[in-house]
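Below you'll find the structure, written out as structure tokens, and then a few comments.
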Amino acid sequence: MCLMRFMLLFSRQGKLRLQKWYTATAERDKKKMVRELMQIVLARKPKMCSFLEWRDLKIVYKRYASLYFCCAIEEQDNELITLEVIHRFVELLDKYFGSVCELDIIFNFEKAYFILDEFLMGGEIQDTSKKSVLKAIEQADLLQEVSVAIGFTHHLHLGGMSLPVSLAVMWLSFKCLAESVRRIKI
Amino acid sequence: MPAPIRLRELIRTIRTARTQAEEREMIQKECAAIRSSFREEDNTYRCRNVAKLLYMHMLGYPAHFGQLECLKLIASQKFTDKRIGYLGAMLLLDERQDVHLLMTNCIKNDLNHSTQYVQGLALCTLGCMGSSEMCRDLAGEVEKLLKTSNSYLRKKAALCAVHVIRKVPELMEMFLPATKNLLSEKNHGVLHTSVVLLTEMCERSPDMLAHFRKLVPQLVRILKNLIMSGYSPEHDVSGISDPFLQVRILRLLRILGKSDDDSSEAMNDILAQVATNTETSKNVGNAILYETVLTIMDIKSESGLRVLAINILGRFLLNNDKNIRYVALTSLLKTVQTDHNAVQRHRSTIVDCLKDLDVSIKRRAMELSFALVNGNNIRGMMKELLYFLDSCDPEFKADCASGVFLAAEKYAPSKRWHIDTIMRVLTTAGSYVRDDSVPNLIQLITNSVEMHAYTVQRLYKALLDDISQQPLVQVASWCIGEYGDLLVSGQCEEEEPIQVTEDEVLDVLEGLLVSNLSAAVTRGYSLTAIMKLSTRFSGVNRIKKVVSIYGSSIDVELQQRAVEYNALFKKYDHMRPALLERMPIMEKSASNGPTEIVQTNGETEPSVVDSKHPPPVSQPANQANDLLDLLGGNDVVPVIQTTVPTKPASAGGELLDLLGDLSLTIPPMTAYNKNGLKIDFTFERANPNPNVAVITIHASNSTEADMTDFVFQAAVPKTFQLQLLSPSSNVVPALNQGTVTQVIRVLNPQKQQLRMRIKLTYTLKGSPVQDLAEVNNFPPQSWQ
């Protein structure tokens, strides 16, 4: 059975930036595993290979700038393709944020999760096309804005205006918001 | 109430904290604000607050009070709310939480939502962390979505179905109809997830596996198209078209082709094609090759293809990329059993990997090297492996040492080489050797009779250098105790004998006793060794002194031993030589307990048996060291002198028999009485087999001189079977001062009258004596 058990993103200083668990694990155990793994991976020297055995799992990790991307896969899984999966995720983040850096992921962690959840489900790839995944995120972001805009327009006092005008105002506010997809403020 | 601060504002603020305490304070303040906001049931800002909570959760702070809020967000109609709500659910609401199930209804509604992105959220959440109950409730919805024409939803439904099947395997059947035309999809997302779904089903159910075998041609076709098709920008990775899909298809083919000739044949060509045409300059190509190799090795491929696969692995071993080398070693390890010869061809490359810098690669290379050792390459391989043992990290040393011992035992070209190898391991990695190696090594040394002098000399020299490595010290002390006489007499043939005096040897052993480096067990070894030397060395006074000093040692074990040895000197001095005699050849037994020592008739080696002392000493020595009875275990319990019936003088034979019943119902008899040599037979029935009669012979000597080199032999008619166990000694003391005992076991299945012909040989006053006799006067009870 192939299964990615979890994926972690953490910095060189041992700060966790993202954690996705694909099996039900107690909070306490998660913390322990994260701590342990971070220690092991951060101690690895640059010349060492990207794979290591840990407990009954295989750990595949790769460092991109200041972030470590770390996946736990099962014994019979293909480590080399897992490296490609990690790389694909990084590419998606890069395309979305435009030259992604750690700060992007810190300040927009929820978006990083959204992208990950559009790319993988239950540890498996949903779509092998980069374009397709990014398009879906874009559409979902737009939908998010629409719902905010609708909420926003409720606050606008459109009472005194005629219908076409109020519709035009709504449409305009739509458009403005649509242009700032990434800067949606929660 | 002012609007709660924005998420990014909070993140910025928290990051300005300079200490952990400061951060905690900020978090607590914000949590309090969030809590009151939740209490006020504020719909507008719930989303924002939960998002902030999730951030704080990632920093490691508790966030459970937000669980219900996630549920409310999921139930909201706003997409923003749902997005954050489902994220929160995935982070905070796994199936271990009580409120997990409350999501079910919301998810059900959202699975039927008009917007596909909402449906997507629901599918994702269900597919990542749905509990079994939830999966059971919602499987129907998932199955419906699996049949939709919307590829966005179809691909997600497929993976969701995978999760459902993992959680509730019984539901697998219901997804079967929907899989009908999954593979005719053009959309790669759907194709990929469908292959995953099919793989999951085939792995779980042999029936499904059989059912889906018919898909092999279609899978082959899809794979072929991927390879042959031109550049497709949407799915291209470094010149390879959709490697993820290729790998998944290869994996599914592996499962379908395993143990099935037809399927394996159908995929032969495509596997060869992938193996030869895939670009290997980047990791992605090698990932596909790797998967191909795994598939080739697992299915019933023709030999040409297998050789191709192993050669690919061989090329991997030479790749600059250490990841590829690692993967190659792992795969070779898996195939070394089945394709041993093919892997052997790459042996030198594998051995080179022992010198790699990476720990994982070194470990793999070590395991593989051991798997490749055979009678032909043992010398060369061992050289490399010993060199590796010298220089490797401590975490490897124990495994490497064990591996070396095992390989040496199986393939040692000569005894001398074997002993040398052991010595090398003990001196270089002596403290990492496993505990059970010590008795195994001692057994090995004992059984290499002609090497005793050489071994003890080398061990002695090693001790002079270094007494810190306990296993080495233990083996060395034991050997010096056993073969100390050979050491001082300078008898070594294999190498230049060293000049050692008895005092020097005792210095070394006593040094071990007092050294801080010696473990308690080691001290025990050396004390016993010193004691044994009392029968091998000429000067006993020094030994007597040492032994008496330790009679008041704080260490209880040492004290006990010393007291017993003292007793040996004082009250049982006549038994001391026999007790401390040379150990015989030990047969290796599977158990860790006292071995059953069986000797063939005619051996001049004295017998060894149990670890029980003569009756006056209440406790047996060395309970801690069952296999190695350091006392030598030559327990001669002369029957004539003791009146304890539970300890018959059966030297040799099973331990348990000694404590067993001596049924005195069969009267003893005299079998032979001539020229001063008298042989008595005593009987017992062996439990549990009543057809076996156990006879113990007692030989006594009434002449003035000892009978030395005494050997008792017996023969019985064809219908019987005879087993002669080892005698207690081969010297029958003069003037009835002692007896030699030996056990005979006679199997008499036909219950015929017992008859025996015996042959006696001994030396009396320098001249050999031999005699034959018939024994016919067995009491009827002994054979009825």
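Ligands are numbered from 1 in the order shown, chains are lettered A, B, ... in the order of the structure tokens, and residues start at 1 in each chain.
Here the residues within range 51-167 of chain A that DSSP labels strand (DSSP E) on the basis of the backbone are Phe51, Leu52, Glu53, Trp54, Leu57, Lys58, Ile59, Val60, Tyr61, Lys62, Arg63, Tyr64, Leu67, Tyr68, Phe69, Cys70, Cys71, Ala72, Ile73, Leu120, Met121, Glu124 and Ile125 of chain A.
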* **Polymer residues at most 9 Å from range 78-82 of chain A, only C-alpha atoms, same-chain spacing of 2 or more positions, as a list of chain:residue names** =>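 Once the nearby chain positions are removed, what remains is A:Ser50, A:Phe51, A:Lys58, A:Ile59, A:Val60, A:Cys71, A:Ile73, A:Glu74, A:Glu75, A:Gln76, A:Glu84, A:Val85, A:Ile86, A:His87, B:Pro243, B:Phe244, B:Val247, B:Asn283, B:Val284, B:Asn286, B:Ala287, B:Ile288, B:Tyr290, B:Glu291, B:Asn323, B:Ile324, B:Val327.
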Can I get the selected residues back with N, CA, C and O atoms, as a compact mmCIF listing (two decimals), in the first residue's frame?
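Full text of out.txt as output:
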# COMPACT_ATOMS: atom_id res chain seq x y z
N SER A 50 19.41 12.24 0.05
CA SER A 50 18.14 12.81 0.50
C SER A 50 17.24 11.83 1.19
O SER A 50 16.10 12.16 1.50
N PHE A 51 17.72 10.62 1.40
CA PHE A 51 16.84 9.62 1.99
C PHE A 51 17.43 9.14 3.30
O PHE A 51 18.64 9.00 3.43
N LYS A 58 10.41 5.65 5.41
CA LYS A 58 11.51 6.26 4.69
C LYS A 58 11.24 7.76 4.66
O LYS A 58 10.13 8.18 4.39
N ILE A 59 12.24 8.54 4.95
CA ILE A 59 12.09 9.99 4.93
C ILE A 59 12.79 10.52 3.69
O ILE A 59 13.96 10.19 3.44
N VAL A 60 12.06 11.32 2.91
CA VAL A 60 12.65 11.97 1.74
C VAL A 60 12.62 13.46 2.03
O VAL A 60 11.58 14.02 2.33
N CYS A 71 9.15 14.57 3.51
CA CYS A 71 8.02 13.66 3.37
C CYS A 71 8.34 12.32 3.99
O CYS A 71 9.47 11.86 3.89
N ILE A 73 7.43 8.43 3.61
CA ILE A 73 6.74 7.48 2.76
C ILE A 73 6.96 6.07 3.30
O ILE A 73 7.81 5.84 4.15
N GLU A 74 6.21 5.15 2.74
CA GLU A 74 6.30 3.79 3.24
C GLU A 74 7.41 3.03 2.55
O GLU A 74 7.98 3.46 1.55
N GLU A 75 7.69 1.87 3.10
CA GLU A 75 8.85 1.10 2.70
C GLU A 75 8.91 0.78 1.22
O GLU A 75 9.97 0.77 0.61
N GLN A 76 7.72 0.53 0.63
CA GLN A 76 7.77 0.09 -0.76
C GLN A 76 7.60 1.23 -1.77
O GLN A 76 7.44 1.00 -2.95
N GLU A 84 10.45 14.19 -6.90
CA GLU A 84 9.78 14.94 -7.96
C GLU A 84 8.48 15.54 -7.46
O GLU A 84 8.10 16.64 -7.89
N VAL A 85 7.78 14.83 -6.60
CA VAL A 85 6.53 15.36 -6.03
C VAL A 85 6.83 16.62 -5.23
O VAL A 85 6.14 17.64 -5.36
N ILE A 86 7.87 16.54 -4.41
CA ILE A 86 8.26 17.71 -3.63
C ILE A 86 8.59 18.87 -4.57
O ILE A 86 8.16 20.01 -4.37
N HIS A 87 9.34 18.56 -5.60
CA HIS A 87 9.74 19.61 -6.54
C HIS A 87 8.54 20.24 -7.21
O HIS A 87 8.49 21.46 -7.39
N PRO B 243 5.79 11.93 -15.96
CA PRO B 243 6.49 10.84 -15.26
C PRO B 243 5.68 10.27 -14.10
O PRO B 243 5.78 9.08 -13.80
N PHE B 244 4.87 11.08 -13.47
CA PHE B 244 4.09 10.59 -12.33
C PHE B 244 3.12 9.51 -12.79
O PHE B 244 2.99 8.47 -12.15
N VAL B 247 5.03 6.29 -13.69
CA VAL B 247 5.43 5.51 -12.51
C VAL B 247 4.24 4.76 -11.93
O VAL B 247 4.34 3.58 -11.57
N ASN B 283 17.01 13.29 -12.50
CA ASN B 283 16.40 12.43 -11.49
C ASN B 283 15.08 11.84 -11.97
O ASN B 283 14.78 10.68 -11.70
N VAL B 284 14.33 12.61 -12.73
CA VAL B 284 12.99 12.16 -13.10
C VAL B 284 13.06 10.91 -13.99
O VAL B 284 12.29 9.96 -13.80
N ASN B 286 15.48 8.74 -13.98
CA ASN B 286 15.94 7.64 -13.14
C ASN B 286 14.83 7.12 -12.24
O ASN B 286 14.80 5.94 -11.92
N ALA B 287 13.94 8.02 -11.87
CA ALA B 287 12.80 7.58 -11.05
C ALA B 287 11.95 6.57 -11.82
O ALA B 287 11.51 5.55 -11.28
N ILE B 288 11.77 6.85 -13.11
CA ILE B 288 10.99 5.92 -13.94
C ILE B 288 11.75 4.61 -14.13
O ILE B 288 11.18 3.52 -14.01
N TYR B 290 13.89 3.31 -12.17
CA TYR B 290 13.85 2.61 -10.89
C TYR B 290 12.56 1.81 -10.76
O TYR B 290 12.56 0.63 -10.41
N GLU B 291 11.47 2.48 -11.06
CA GLU B 291 10.18 1.80 -10.96
C GLU B 291 10.12 0.64 -11.95
O GLU B 291 9.60 -0.44 -11.64
N ASN B 323 21.76 9.88 -4.35
CA ASN B 323 20.42 9.33 -4.19
C ASN B 323 20.22 8.10 -5.07
O ASN B 323 19.63 7.11 -4.66
N ILE B 324 20.73 8.20 -6.28
CA ILE B 324 20.59 7.09 -7.21
C ILE B 324 21.39 5.89 -6.70
O ILE B 324 20.92 4.74 -6.77
N VAL B 327 19.50 4.20 -3.93
CA VAL B 327 18.35 3.45 -4.40
C VAL B 327 18.80 2.14 -5.06
O VAL B 327 18.18 1.08 -4.91
* Give the residues of chain B that lie within 8 Å of chain A; count only C-alpha atoms, and format the answer as an MDAnalysis selection string. => chainID B and resid 6:8 11 47:48 51 55 58:59 78:80 84 87 91 94:96 117 124 127:129 155:156 159:160 163 188:190 192:193 196 200 203 234:235 242 244:245 247 283:284 286:288 290:291 322:324 326:327 357:360
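Put simply, CA of Val514 in chain B is 14.7 Å away from CA of Ala562 in chain B.
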* Asked: So which residues touch Ile222 in chain B within 9 Å, counting only C-alpha atoms, skipping near sequence neighbours fewer than 5 positions away, as a count of residues only?
  -> 5
* What lies within 12 Å of His340 in chain B using only C-alpha atoms, ignoring chain neighbours under 2 positions off, as number ranges by chain? -> B: 306-307, 310, 332-338, 342-347, 368-369, 371-374
* Run DSSP on the backbone and give me the residues of range 26-79 of chain A it puts in alpha helix (DSSP H), as a list in words. =>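 In range 26-79 of chain A, DSSP puts these residues in alpha helix (DSSP H): Glu27, Arg28, Asp29, Lys30, Lys31, Lys32, Met33, Val34, Arg35, Glu36, Leu37, Met38, Gln39, Ile40, Val41, Leu42 and Glu79 of chain A.
Using only C-alpha atoms, the smallest distance between any of B:Asn701, B:Asn43, B:Thr292, B:Thr708 and Tyr672 in chain B comes from B:Asn701.
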